[in-house]
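Chemist: For reference, the structure I am asking about is given below.
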Amino acid sequence: MPKPLALLFAVALSLSLSGAVLASDNVTSFQLENGMDVVVIEDHRAPVVTHMVWYRAGAADEPPGQSGIAHFLEHLMFKGTETLAPGEFSAAVARNGGSDNAFTSQDYTAYFQRIAADRLDLVMGMEADRMENLRLAEADVRTEREVIIEERNQRVENSPSALLREQKTAAQYLNHPYGVPIIGWRHEIDTLDREAALKFYEKYYAPNNAILVVAGDVTPDEVRTLAQEHYGAIPANSDLPPRARPQEPPQQAERRAMMRDARVSQPYVTRSYLAPERDSGDQQEAAALYLLSQILGGGQTSVLNQRLQIEDKIAVQVGAWYSATSLDSTTFDFVVVPAAGVTLEQAESALDEVMTEFVETGPKPEQLERIKLQLRAEEIYERDDAAGLARRYGRALTSGLTVEDVQNWPEILQDTTADQIVEAAQRVLDRQASVTGQLRAPEVTQ
């Protein structure tokens, strides 16, 4: 249950007034001889650990024409090894009172288990086994391909919003592989096979392309010993390629995508801008953009909510968000769901008007301070979630950041000024460099 905002403020304010400094995340990092990075986050309040292996390989690292292979391999990693039968990995975790899963993004694929601390040796041994000894039967590959096709049908083909988002993202990235959906294009999923999966596995699933994150009731020495035992003997891939991706050319014309679908009951307009990501040692602009997203669309007191929902009654829902943690250029996004009787054109015009005014006036000092205070309080409470911290570090390290970057981020946010936020808005929120999507119901014919 979310903490009440007043309580968050009270905690943060009490720390501020007392001159207290936030403790570190109690994080230790080191590297095995084979190049595997290890991060240990100590939290001894409960005898539980989260064990995660993150590979620096996601959808944006796929060979052309094989979209979806990273996600496909994620599924196939549960199909067994020389010593584990298909499904036995998850069954063993469950028998020992734990849970496990995996997920794929554009920049990484991650596998995790949450289990009693005294079972860390078990899950680490099994994860190391499938890093090196995956075995795939043709029948399992065919079956899992059908599972993924059905997953795409359910999550994308059956959702007008997902279809629009897919088309809009493809328009956003003309040259970068971020324009290709993580789950893959349907016509390319149909061609994915055992050979393609094993080639991707052999290329990227190696210790020198992986990050081990262990969070919970452990010590760095314990993790080092176990990691050396299980992962240390796996040879590095000496042919691991650099993560060199084609980048986007300057956008010189506004792009638009309009989709009509009979399933649409609530039309809306969405807008995105290409934006810089957090870079190691240089996170200031990303911090300004993150605060900008919170000021414009982060909750009931945001600029867009106050203006378009409460004052002008133009919208029933608004939002702004910025995906800062990304290996390459990311996006800054808006959505406006118009109120009854308001057209998408009117909603879009109102969005532009509010943004123009904001760039001219900047944030109100009290609003910026309130958001910073809230972020400070949230940072305190997030330290109670060891699994959440493990995800934060894994996501950052697979996106080119360091442990120090993660730990410096909260203070960089606090030190960001109103002028820096306005400057970032001026650089990024250029209508000529935007992609606008509209989702509508079909036109009614007489």
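Note on naming: chains are A, B, ... as they come in the structure tokens, residues start from 1 per chain, ligands start from 1 in the order shown.
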I want to know what sits within 9 Å of A:Ala425, based on only C-alpha atoms, with residues of the same chain fewer than 3 positions away left out; could you give that as number ranges by chain?
Modeler: A: 288-289, 292, 355, 358-359, 420-422, 428-430
Chemist: Go ahead and save the residues from that selection, with N, CA and C atoms, as a PDB file, in the first residue's frame.
Modeler:
ATOM      1  N   ALA A 288      17.053  16.582 -15.049  1.00  0.00           N
ATOM      2  CA  ALA A 288      16.165  17.700 -15.357  1.00  0.00           C
ATOM      3  C   ALA A 288      14.922  17.210 -16.087  1.00  0.00           C
ATOM      4  N   LEU A 289      15.090  16.278 -17.014  1.00  0.00           N
ATOM      5  CA  LEU A 289      13.951  15.749 -17.759  1.00  0.00           C
ATOM      6  C   LEU A 289      13.045  14.910 -16.867  1.00  0.00           C
ATOM      7  N   LEU A 292      11.069  17.289 -14.927  1.00  0.00           N
ATOM      8  CA  LEU A 292      10.107  17.905 -15.838  1.00  0.00           C
ATOM      9  C   LEU A 292       8.882  17.011 -16.009  1.00  0.00           C
ATOM     10  N   MET A 355       2.327  23.520 -22.641  1.00  0.00           N
ATOM     11  CA  MET A 355       3.778  23.342 -22.718  1.00  0.00           C
ATOM     12  C   MET A 355       4.470  24.652 -23.107  1.00  0.00           C
ATOM     13  N   PHE A 358       4.586  26.798 -20.087  1.00  0.00           N
ATOM     14  CA  PHE A 358       5.541  26.308 -19.084  1.00  0.00           C
ATOM     15  C   PHE A 358       6.964  26.693 -19.449  1.00  0.00           C
ATOM     16  N   VAL A 359       7.328  26.545 -20.715  1.00  0.00           N
ATOM     17  CA  VAL A 359       8.682  26.879 -21.139  1.00  0.00           C
ATOM     18  C   VAL A 359       8.965  28.364 -20.924  1.00  0.00           C
ATOM     19  N   GLN A 420      17.639  24.711 -15.146  1.00  0.00           N
ATOM     20  CA  GLN A 420      18.069  23.511 -15.867  1.00  0.00           C
ATOM     21  C   GLN A 420      16.875  22.747 -16.421  1.00  0.00           C
ATOM     22  N   ILE A 421      15.788  22.729 -15.686  1.00  0.00           N
ATOM     23  CA  ILE A 421      14.578  22.044 -16.154  1.00  0.00           C
ATOM     24  C   ILE A 421      14.010  22.748 -17.379  1.00  0.00           C
ATOM     25  N   VAL A 422      13.956  24.061 -17.343  1.00  0.00           N
ATOM     26  CA  VAL A 422      13.447  24.825 -18.495  1.00  0.00           C
ATOM     27  C   VAL A 422      14.356  24.638 -19.709  1.00  0.00           C
ATOM     28  N   VAL A 428      14.313  19.602 -25.757  1.00  0.00           N
ATOM     29  CA  VAL A 428      13.661  18.340 -26.108  1.00  0.00           C
ATOM     30  C   VAL A 428      12.265  18.525 -26.693  1.00  0.00           C
ATOM     31  N   LEU A 429      11.477  19.444 -26.155  1.00  0.00           N
ATOM     32  CA  LEU A 429      10.070  19.559 -26.544  1.00  0.00           C
ATOM     33  C   LEU A 429       9.894  20.443 -27.773  1.00  0.00           C
ATOM     34  N   ASP A 430      10.421  19.969 -28.876  1.00  0.00           N
ATOM     35  CA  ASP A 430      10.337  20.665 -30.157  1.00  0.00           C
ATOM     36  C   ASP A 430       9.274  19.972 -31.012  1.00  0.00           C
TER      37      ASP A 430
END
Chemist: List every residue of stretch 86-211 of chain A that DSSP, applied to the backbone of this structure, places in helix (DSSP H, G or I), and write the result as an NGL selection string.
Modeler: :A and (88-95 or 117-132 or 138-157 or 160-172 or 177-179 or 186-189 or 194-204 or 207-209)
Chemist: Rank A:Ala418, A:Leu368, A:Ala433, A:Leu32 by their smallest atom-to-atom distance to A:Thr331, using only C-alpha atoms, and report the top residue only.
Modeler: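 Distance minimum relative to A:Thr331 lands on A:Ala433.
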Chemist: Which residue, A:Ala196, A:Ala57, A:Ala324, A:Ala387, has the smallest gap to A:Ala287 when you use only C-alpha atoms?
Modeler: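 Of all the options, A:Ala324 lies closest to A:Ala287.
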Chemist: When you look at A:Pro365 with a cut-off of 12 Å (counting only C-alpha atoms), what residues show up, excluding the ones that are within fewer than 5 positions of it in the same chain? I need them as a PyMOL selection string.
Modeler: chain A and resi 295+370-372+417-419+421
Chemist: Within 10 Å of A:Gln309, counting only C-alpha atoms, which residues qualify if same-chain residues fewer than 5 places away don't, as a list of chain:residue names?
Modeler: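 Here the qualifying residues turn out to be A:Gln300, A:Val303, A:Leu304, A:Ile314, A:Ala315, A:Val316, A:Gln317, A:Val318, A:Val336, A:Val337, A:Pro338, A:Ala339.
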Chemist: Would you list the contacts of A:Gly98 as a JSON list (two decimals) with all heavy atoms, in the first residue's frame, taking every protein, DNA or RNA residue within 10 Å and counting only C-alpha atoms, but skipping same-chain residues closer than 4 positions in sequence?
Modeler:
[["chain", "number", "residue", "atom", "x", "y", "z"],
["A", 48, "VAL", "N", 15.83, -13.96, 3.52],
["A", 48, "VAL", "CA", 15.40, -14.13, 2.14],
["A", 48, "VAL", "C", 16.41, -13.45, 1.22],
["A", 48, "VAL", "O", 17.03, -12.45, 1.59],
["A", 48, "VAL", "CB", 14.00, -13.50, 1.93],
["A", 48, "VAL", "CG1", 13.57, -13.60, 0.48],
["A", 48, "VAL", "CG2", 12.97, -14.18, 2.83],
["A", 49, "VAL", "N", 16.57, -14.01, 0.01],
["A", 49, "VAL", "CA", 17.44, -13.38, -0.98],
["A", 49, "VAL", "C", 16.72, -13.31, -2.33],
["A", 49, "VAL", "O", 15.86, -14.13, -2.63],
["A", 49, "VAL", "CB", 18.78, -14.14, -1.18],
["A", 49, "VAL", "CG1", 19.63, -14.07, 0.06],
["A", 49, "VAL", "CG2", 18.53, -15.57, -1.61],
["A", 50, "THR", "N", 17.10, -12.31, -3.10],
["A", 50, "THR", "CA", 16.73, -12.24, -4.51],
["A", 50, "THR", "C", 18.01, -12.42, -5.31],
["A", 50, "THR", "O", 18.98, -11.69, -5.10],
["A", 50, "THR", "CB", 16.08, -10.89, -4.85],
["A", 50, "THR", "OG1", 14.85, -10.77, -4.14],
["A", 50, "THR", "CG2", 15.82, -10.78, -6.35],
["A", 90, "SER", "N", 12.09, -24.34, -12.50],
["A", 90, "SER", "CA", 11.04, -23.65, -11.73],
["A", 90, "SER", "C", 10.42, -24.57, -10.69],
["A", 90, "SER", "O", 10.05, -24.11, -9.60],
["A", 90, "SER", "CB", 9.96, -23.12, -12.68],
["A", 90, "SER", "OG", 10.49, -22.14, -13.55],
["A", 91, "ALA", "N", 10.29, -25.86, -11.01],
["A", 91, "ALA", "CA", 9.72, -26.81, -10.05],
["A", 91, "ALA", "C", 10.61, -26.92, -8.82],
["A", 91, "ALA", "O", 10.12, -26.98, -7.69],
["A", 91, "ALA", "CB", 9.55, -28.17, -10.71],
["A", 92, "ALA", "N", 11.93, -26.93, -9.02],
["A", 92, "ALA", "CA", 12.85, -27.02, -7.89],
["A", 92, "ALA", "C", 12.78, -25.76, -7.03],
["A", 92, "ALA", "O", 12.82, -25.85, -5.79],
["A", 92, "ALA", "CB", 14.28, -27.23, -8.40],
["A", 93, "VAL", "N", 12.67, -24.60, -7.66],
["A", 93, "VAL", "CA", 12.54, -23.36, -6.89],
["A", 93, "VAL", "C", 11.26, -23.39, -6.06],
["A", 93, "VAL", "O", 11.25, -23.05, -4.87],
["A", 93, "VAL", "CB", 12.55, -22.14, -7.84],
["A", 93, "VAL", "CG1", 12.23, -20.85, -7.07],
["A", 93, "VAL", "CG2", 13.90, -22.00, -8.54],
["A", 94, "ALA", "N", 10.15, -23.82, -6.68],
["A", 94, "ALA", "CA", 8.87, -23.86, -5.98],
["A", 94, "ALA", "C", 8.90, -24.86, -4.82],
["A", 94, "ALA", "O", 8.35, -24.60, -3.75],
["A", 94, "ALA", "CB", 7.76, -24.23, -6.96],
["A", 113, "GLN", "N", 15.23, -15.28, -9.07],
["A", 113, "GLN", "CA", 14.59, -16.16, -8.10],
["A", 113, "GLN", "C", 14.55, -15.43, -6.75],
["A", 113, "GLN", "O", 15.51, -14.74, -6.39],
["A", 113, "GLN", "CB", 15.34, -17.48, -7.93],
["A", 113, "GLN", "CG", 15.54, -18.27, -9.21],
["A", 113, "GLN", "CD", 16.75, -17.82, -9.99],
["A", 113, "GLN", "OE1", 17.79, -17.52, -9.41],
["A", 113, "GLN", "NE2", 16.64, -17.77, -11.31],
["A", 114, "ARG", "N", 13.47, -15.58, -6.07],
["A", 114, "ARG", "CA", 13.35, -15.09, -4.69],
["A", 114, "ARG", "C", 13.13, -16.31, -3.81],
["A", 114, "ARG", "O", 12.18, -17.08, -4.01],
["A", 114, "ARG", "CB", 12.19, -14.11, -4.56],
["A", 114, "ARG", "CG", 12.01, -13.53, -3.15],
["A", 114, "ARG", "CD", 10.98, -12.42, -3.14],
["A", 114, "ARG", "NE", 10.61, -12.01, -1.80],
["A", 114, "ARG", "CZ", 11.32, -11.18, -1.03],
["A", 114, "ARG", "NH1", 12.45, -10.68, -1.50],
["A", 114, "ARG", "NH2", 10.91, -10.86, 0.18],
["A", 115, "ILE", "N", 14.02, -16.50, -2.83],
["A", 115, "ILE", "CA", 14.03, -17.77, -2.10],
["A", 115, "ILE", "C", 14.68, -17.56, -0.73],
["A", 115, "ILE", "O", 15.33, -16.52, -0.49],
["A", 115, "ILE", "CB", 14.79, -18.83, -2.93],
["A", 115, "ILE", "CG1", 14.41, -20.24, -2.52],
["A", 115, "ILE", "CG2", 16.30, -18.60, -2.88],
["A", 115, "ILE", "CD1", 14.81, -21.30, -3.54],
["A", 116, "ALA", "N", 14.53, -18.53, 0.15],
["A", 116, "ALA", "CA", 15.18, -18.47, 1.46],
["A", 116, "ALA", "C", 16.70, -18.36, 1.28],
["A", 116, "ALA", "O", 17.28, -18.96, 0.37],
["A", 116, "ALA", "CB", 14.83, -19.71, 2.28],
["A", 119, "ARG", "N", 19.00, -21.21, 0.56],
["A", 119, "ARG", "CA", 18.85, -21.92, -0.71],
["A", 119, "ARG", "C", 19.56, -21.19, -1.86],
["A", 119, "ARG", "O", 19.40, -21.56, -3.02],
["A", 119, "ARG", "CB", 17.37, -22.08, -1.07],
["A", 119, "ARG", "CG", 16.54, -22.82, -0.05],
["A", 119, "ARG", "CD", 16.95, -24.29, 0.06],
["A", 119, "ARG", "NE", 15.98, -25.07, 0.80],
["A", 119, "ARG", "CZ", 15.94, -25.21, 2.11],
["A", 119, "ARG", "NH1", 16.85, -24.59, 2.85],
["A", 119, "ARG", "NH2", 15.02, -25.95, 2.70],
["A", 123, "VAL", "N", 19.90, -22.18, -6.19],
["A", 123, "VAL", "CA", 19.46, -21.44, -7.37],
["A", 123, "VAL", "C", 20.65, -20.91, -8.17],
["A", 123, "VAL", "O", 20.60, -20.85, -9.40],
["A", 123, "VAL", "CB", 18.50, -20.29, -7.00],
["A", 123, "VAL", "CG1", 17.22, -20.85, -6.39],
["A", 123, "VAL", "CG2", 19.15, -19.28, -6.07]]
Chemist: Which residues are near A:Lys168? Cut-off 12 Å, only C-alpha atoms, ignore same chain within fewer than 6 positions. Put them as a ChimeraX atom specification.
Modeler: /A:161-162,174,178-181,255-259,269-273,331,333,434-439
Chemist: Create the file for the chosen residues now, containing C-alpha atoms and written as a PDB file, in the first residue's frame.
Modeler:
ATOM      1  CA  SER A 161      -3.640   0.795 -27.821  1.00  0.00           C
ATOM      2  CA  ALA A 162      -0.781  -1.696 -28.160  1.00  0.00           C
ATOM      3  CA  LEU A 174      13.734   5.370 -38.185  1.00  0.00           C
ATOM      4  CA  TYR A 178      14.364   0.458 -30.565  1.00  0.00           C
ATOM      5  CA  GLY A 179      11.736   0.850 -33.288  1.00  0.00           C
ATOM      6  CA  VAL A 180      11.298  -2.935 -33.429  1.00  0.00           C
ATOM      7  CA  PRO A 181       8.905  -4.420 -30.828  1.00  0.00           C
ATOM      8  CA  ARG A 255       5.616  12.618 -37.647  1.00  0.00           C
ATOM      9  CA  ARG A 256       2.065  11.439 -37.045  1.00  0.00           C
ATOM     10  CA  ALA A 257       0.258   8.109 -36.754  1.00  0.00           C
ATOM     11  CA  MET A 258      -3.530   7.903 -36.702  1.00  0.00           C
ATOM     12  CA  MET A 259      -5.292   4.608 -36.097  1.00  0.00           C
ATOM     13  CA  VAL A 269      -3.849  11.519 -28.250  1.00  0.00           C
ATOM     14  CA  THR A 270      -0.261  10.704 -27.337  1.00  0.00           C
ATOM     15  CA  ARG A 271       2.950  12.566 -28.143  1.00  0.00           C
ATOM     16  CA  SER A 272       6.607  11.566 -27.821  1.00  0.00           C
ATOM     17  CA  TYR A 273       9.936  13.281 -28.320  1.00  0.00           C
ATOM     18  CA  THR A 331      11.654   9.234 -25.230  1.00  0.00           C
ATOM     19  CA  ASP A 333       5.989  11.142 -23.603  1.00  0.00           C
ATOM     20  CA  SER A 434       7.811  14.949 -32.235  1.00  0.00           C
ATOM     21  CA  VAL A 435       5.726  11.892 -33.058  1.00  0.00           C
ATOM     22  CA  THR A 436       2.003  12.229 -32.367  1.00  0.00           C
ATOM     23  CA  GLY A 437      -0.418   9.328 -32.262  1.00  0.00           C
ATOM     24  CA  GLN A 438      -4.185   9.413 -32.301  1.00  0.00           C
ATOM     25  CA  LEU A 439      -6.417   6.467 -31.487  1.00  0.00           C
TER      26      LEU A 439
END
Chemist: Might you pull out every residue within 12 Å of A:Pro249, with only C-alpha atoms counted and same-chain residues fewer than 5 positions away left off, and present them as a list in words?
Modeler: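 Skipping anything fewer than 5 positions along the chain leaves Gln172, Tyr173, Leu174, Asn175, His176, Leu274, Ser329 and Ala433 of chain A.
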Chemist: With distances taken over only C-alpha atoms, which of A:Tyr108, A:Tyr204, A:Tyr290, A:Tyr55 is nearest to A:Ile412?
Modeler: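 For A:Ile412, the nearest of the given residues is A:Tyr290.
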Chemist: Rank nothing, just name the residue among A:Glu144, A:Asp385, A:Glu369, A:Asp352 nearest to A:Gly216, using only C-alpha atoms.
Modeler: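 Of all the options, A:Asp385 lies closest to A:Gly216.
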Chemist: In terms of the shortest atom-to-atom distance over only C-alpha atoms, which of A:Thr343, A:Lys313, A:Asp279, A:Glu423 is closest to A:Glu360?
Modeler: A:Glu423
Chemist: Between A:Glu345, A:Asp328, A:Asp100, A:Glu311, single out the one closest to A:Pro267, counting only C-alpha atoms.
Modeler: A:Glu345
